[in-house]
Amino acid sequence: MIPIDHIMILSAILFAIGVAGVIIRRNAIIVFLSIELMLNAVNLGFIGFATHMHSMVGVLFVFFVLVVAAAEAVVGLAIMLEIFRNKETLNLDEINLLKW
Amino acid sequence: MNILFYLFAVLAVLGASSVLYMRNPVYCTLSLVGAFFSLGVIYVLLNSEFIATVQVLVYAGAIMVLFLFVIMLLNVETEKRFPFRWRPPQVIGAVLAGVIFVQLVGLFANPRSQTGPLADYPADRLAREGTVETIGQLLFTDYVLPFEVISVLLLVAIIGAVVLAKRRVKNEGTEGQ
């Protein structure tokens with residue numbers, strides 16, 4: 001039996017790496033990858049606690065998170081394609097159309 | 001079994017952290033695929049075979065391939081002209097990530113957050129009745145409303161992606177396509 005502490009610490013490490021990626025990197029696709037990484041860290045937390053608590057709710061929640069992540073990736077990448085067509089860049093510092 | 005967990009935990013952290021410092025987005029995506037695959041192995045070790053399968057098929061297989069498609073379609077080479085440097089935003093980001101990590105560990109590793117009444121799906125019952133059967137049964141009885149709602153969500157995402165990615169013809173007279 002894997003100790004729940006260690007699973008949670010792994011989940012926290014992955015989530016923190018995701019947060020750092022969102023803030024540090026300036027490429028929109030890398031920021032998106034970091035968001036996926038954070039979703040996966042949360043999934044790991046759900047699975048860890050579900051196993052620990054003998055529950056199925058965490059597993060079902062992971063299922064729903066997966067679907068939301070897929071939908072988010074599809075729409076986000078489509079938006080990115082459109083931005084790249086208009087501005088020829090994916091650098092987040094240069095995408096400042098709302099800042100007048 | 002525990003050794004496998006620590007081995008793949010290290011692999012997951014290595015794959016995830018290389019997203020932070022690799023220049024080429026293709027390398028970032030591929031290392032993240034490795035991290036997701038390691039997470040799938042950890043899910044198997046945690047008795048969630050179904051989620052492990054879905055993780056490898058949907059995450060490492062479908063979503064990451066979608067990312068790769070977009071990266072190769074856009075030919076993103078711009079980041080090579082902006083090498084990574086430790087400027088104030090980067091320092092703030094690293095500090096903030098550290099703070100969030102410490103808080104999460106303090107929250108999760110707190111023994112009080114790990115107690116509570118055990119639910120009625122222990123590992124031996126799941127092994128007897130089958131994980132996939134149990135998930136399917138719950139999904140179509142207790143959780144049928146969320147299940148239907150996410151099907152609508154997927155439909156909305158499909159329509160949104162098609163509308164967004166549709167190439168607009170600039171010529172006058174031909175409105176859209």
# chains A, B, ... in the order shown; residues from 1 in each chain; ligands from 1
call {"tool": "residues_around", "arguments": {"residues": "Ala50 in chain A", "least_positions_apart": "4", "cutoff": "12 Å", "atoms": "only C-alpha atoms", "output": "list of chain:residue names"}}
result
A:Ile4, A:Ile7, A:Asn43, A:Leu44, A:Gly45, A:Phe46, A:His54, A:Ser55, A:Met56, A:Val57, A:Gly58, A:Val59, A:Leu60, A:Phe61, A:Val62, B:Tyr43, B:Leu46, B:Asn47, B:Ser48, B:Ile51, B:Gln114, B:Gly116, B:Leu118, B:Ala119, B:Asp120, B:Tyr121, B:Pro122, B:Ala123
call {"tool": "interface_residues", "arguments": {"of": "chain A", "to": "chain B", "cutoff": "6 Å", "atoms": "only C-alpha atoms", "output": "list in words"}}
result
Asp5, Ile9, Ala12, Ala16, Val19, Ala20, Gly21, Ile23, Ile24, Met53, His54, Ser55, Ala71, Val75 and Ala78 of chain A
call {"tool": "atom_distance", "arguments": {"atom1": "CA of Asn91 in chain A", "atom2": "CA of Ala28 in chain A"}}
result
6.3 Å
call {"tool": "residues_around", "arguments": {"residues": "Pro3 in chain A", "least_positions_apart": "5", "cutoff": "10 Å", "atoms": "only C-alpha atoms", "output": "ChimeraX atom specification"}}
result
/A:8,48,52 /B:2
call {"tool": "write_last_selection", "arguments": {"atoms": "N, CA and C atoms", "output": "JSON list (two decimals), in the first residue's frame"}}
result
[["chain", "number", "residue", "atom", "x", "y", "z"],
["A", 8, "MET", "N", 0.10, 12.46, -2.33],
["A", 8, "MET", "CA", -0.32, 13.87, -2.29],
["A", 8, "MET", "C", 0.86, 14.80, -2.53],
["A", 48, "GLY", "N", -5.81, 9.16, -5.60],
["A", 48, "GLY", "CA", -5.17, 8.76, -4.36],
["A", 48, "GLY", "C", -6.15, 8.72, -3.21],
["A", 52, "HIS", "N", -7.66, 5.59, -1.06],
["A", 52, "HIS", "CA", -7.44, 5.63, 0.38],
["A", 52, "HIS", "C", -8.76, 5.52, 1.13],
["B", 2, "ASN", "N", 5.89, -0.60, -4.16],
["B", 2, "ASN", "CA", 6.22, 0.76, -3.75],
["B", 2, "ASN", "C", 7.38, 1.32, -4.55]]
call {"tool": "decode", "arguments": {"residues": "range 20-89 of chain A", "atoms": "C-alpha atoms", "output": "mmCIF file, in the first residue's frame"}}
result
data_model
loop_
_atom_site.group_PDB
_atom_site.id
_atom_site.type_symbol
_atom_site.label_atom_id
_atom_site.label_comp_id
_atom_site.auth_asym_id
_atom_site.auth_seq_id
_atom_site.Cartn_x
_atom_site.Cartn_y
_atom_site.Cartn_z
ATOM 1 C CA ALA A 20 5.352 27.810 -12.454
ATOM 2 C CA GLY A 21 4.949 26.911 -16.126
ATOM 3 C CA VAL A 22 1.864 29.088 -16.498
ATOM 4 C CA ILE A 23 3.596 32.080 -14.927
ATOM 5 C CA ILE A 24 7.119 31.667 -16.299
ATOM 6 C CA ARG A 25 6.709 30.556 -19.905
ATOM 7 C CA ARG A 26 5.550 32.997 -22.540
ATOM 8 C CA ASN A 27 4.607 30.564 -25.283
ATOM 9 C CA ALA A 28 0.835 30.111 -25.315
ATOM 10 C CA ILE A 29 1.046 26.404 -26.173
ATOM 11 C CA ILE A 30 3.460 25.722 -23.303
ATOM 12 C CA VAL A 31 1.128 27.587 -20.936
ATOM 13 C CA PHE A 32 -1.647 25.327 -22.174
ATOM 14 C CA LEU A 33 0.478 22.239 -21.566
ATOM 15 C CA SER A 34 1.083 23.447 -18.013
ATOM 16 C CA ILE A 35 -2.659 23.771 -17.469
ATOM 17 C CA GLU A 36 -3.075 20.160 -18.606
ATOM 18 C CA LEU A 37 -0.350 19.201 -16.159
ATOM 19 C CA MET A 38 -2.219 20.906 -13.304
ATOM 20 C CA LEU A 39 -5.407 19.049 -14.248
ATOM 21 C CA ASN A 40 -3.455 15.790 -14.117
ATOM 22 C CA ALA A 41 -2.023 16.637 -10.709
ATOM 23 C CA VAL A 42 -5.559 17.166 -9.421
ATOM 24 C CA ASN A 43 -6.605 13.864 -11.001
ATOM 25 C CA LEU A 44 -3.816 12.112 -9.147
ATOM 26 C CA GLY A 45 -5.068 13.625 -5.895
ATOM 27 C CA PHE A 46 -8.595 12.410 -6.625
ATOM 28 C CA ILE A 47 -7.420 8.868 -7.406
ATOM 29 C CA GLY A 48 -5.165 8.764 -4.357
ATOM 30 C CA PHE A 49 -7.910 9.811 -1.979
ATOM 31 C CA ALA A 50 -10.472 7.579 -3.712
ATOM 32 C CA THR A 51 -8.251 4.543 -3.145
ATOM 33 C CA HIS A 52 -7.441 5.632 0.376
ATOM 34 C CA MET A 53 -11.087 6.226 1.329
ATOM 35 C CA HIS A 54 -12.444 3.176 -0.553
ATOM 36 C CA SER A 55 -14.650 5.481 -2.583
ATOM 37 C CA MET A 56 -15.697 5.553 -6.227
ATOM 38 C CA VAL A 57 -16.637 9.244 -6.320
ATOM 39 C CA GLY A 58 -13.041 10.349 -6.908
ATOM 40 C CA VAL A 59 -12.709 8.004 -9.881
ATOM 41 C CA LEU A 60 -15.918 9.314 -11.430
ATOM 42 C CA PHE A 61 -14.764 12.870 -10.857
ATOM 43 C CA VAL A 62 -11.534 12.105 -12.722
ATOM 44 C CA PHE A 63 -13.666 10.854 -15.601
ATOM 45 C CA PHE A 64 -15.508 14.178 -15.747
ATOM 46 C CA VAL A 65 -12.277 16.165 -15.413
ATOM 47 C CA LEU A 66 -10.897 14.235 -18.384
ATOM 48 C CA VAL A 67 -13.864 15.202 -20.534
ATOM 49 C CA VAL A 68 -13.609 18.851 -19.511
ATOM 50 C CA ALA A 69 -9.876 18.787 -20.264
ATOM 51 C CA ALA A 70 -10.499 17.358 -23.716
ATOM 52 C CA ALA A 71 -13.132 19.995 -24.496
ATOM 53 C CA GLU A 72 -10.891 22.750 -23.165
ATOM 54 C CA ALA A 73 -7.917 21.557 -25.250
ATOM 55 C CA VAL A 74 -9.975 21.432 -28.435
ATOM 56 C CA VAL A 75 -11.478 24.903 -28.062
ATOM 57 C CA GLY A 76 -8.262 26.449 -26.742
ATOM 58 C CA LEU A 77 -6.168 25.125 -29.593
ATOM 59 C CA ALA A 78 -8.736 26.357 -32.101
ATOM 60 C CA ILE A 79 -8.542 29.826 -30.519
ATOM 61 C CA MET A 80 -4.752 29.629 -30.707
ATOM 62 C CA LEU A 81 -4.874 28.760 -34.405
ATOM 63 C CA GLU A 82 -7.078 31.799 -34.995
ATOM 64 C CA ILE A 83 -4.736 34.081 -32.994
ATOM 65 C CA PHE A 84 -1.741 32.797 -34.930
ATOM 66 C CA ARG A 85 -3.531 33.463 -38.210
ATOM 67 C CA ASN A 86 -4.221 37.057 -37.203
ATOM 68 C CA LYS A 87 -1.062 38.028 -35.312
ATOM 69 C CA GLU A 88 1.586 35.553 -36.560
ATOM 70 C CA THR A 89 2.809 35.027 -33.006
#
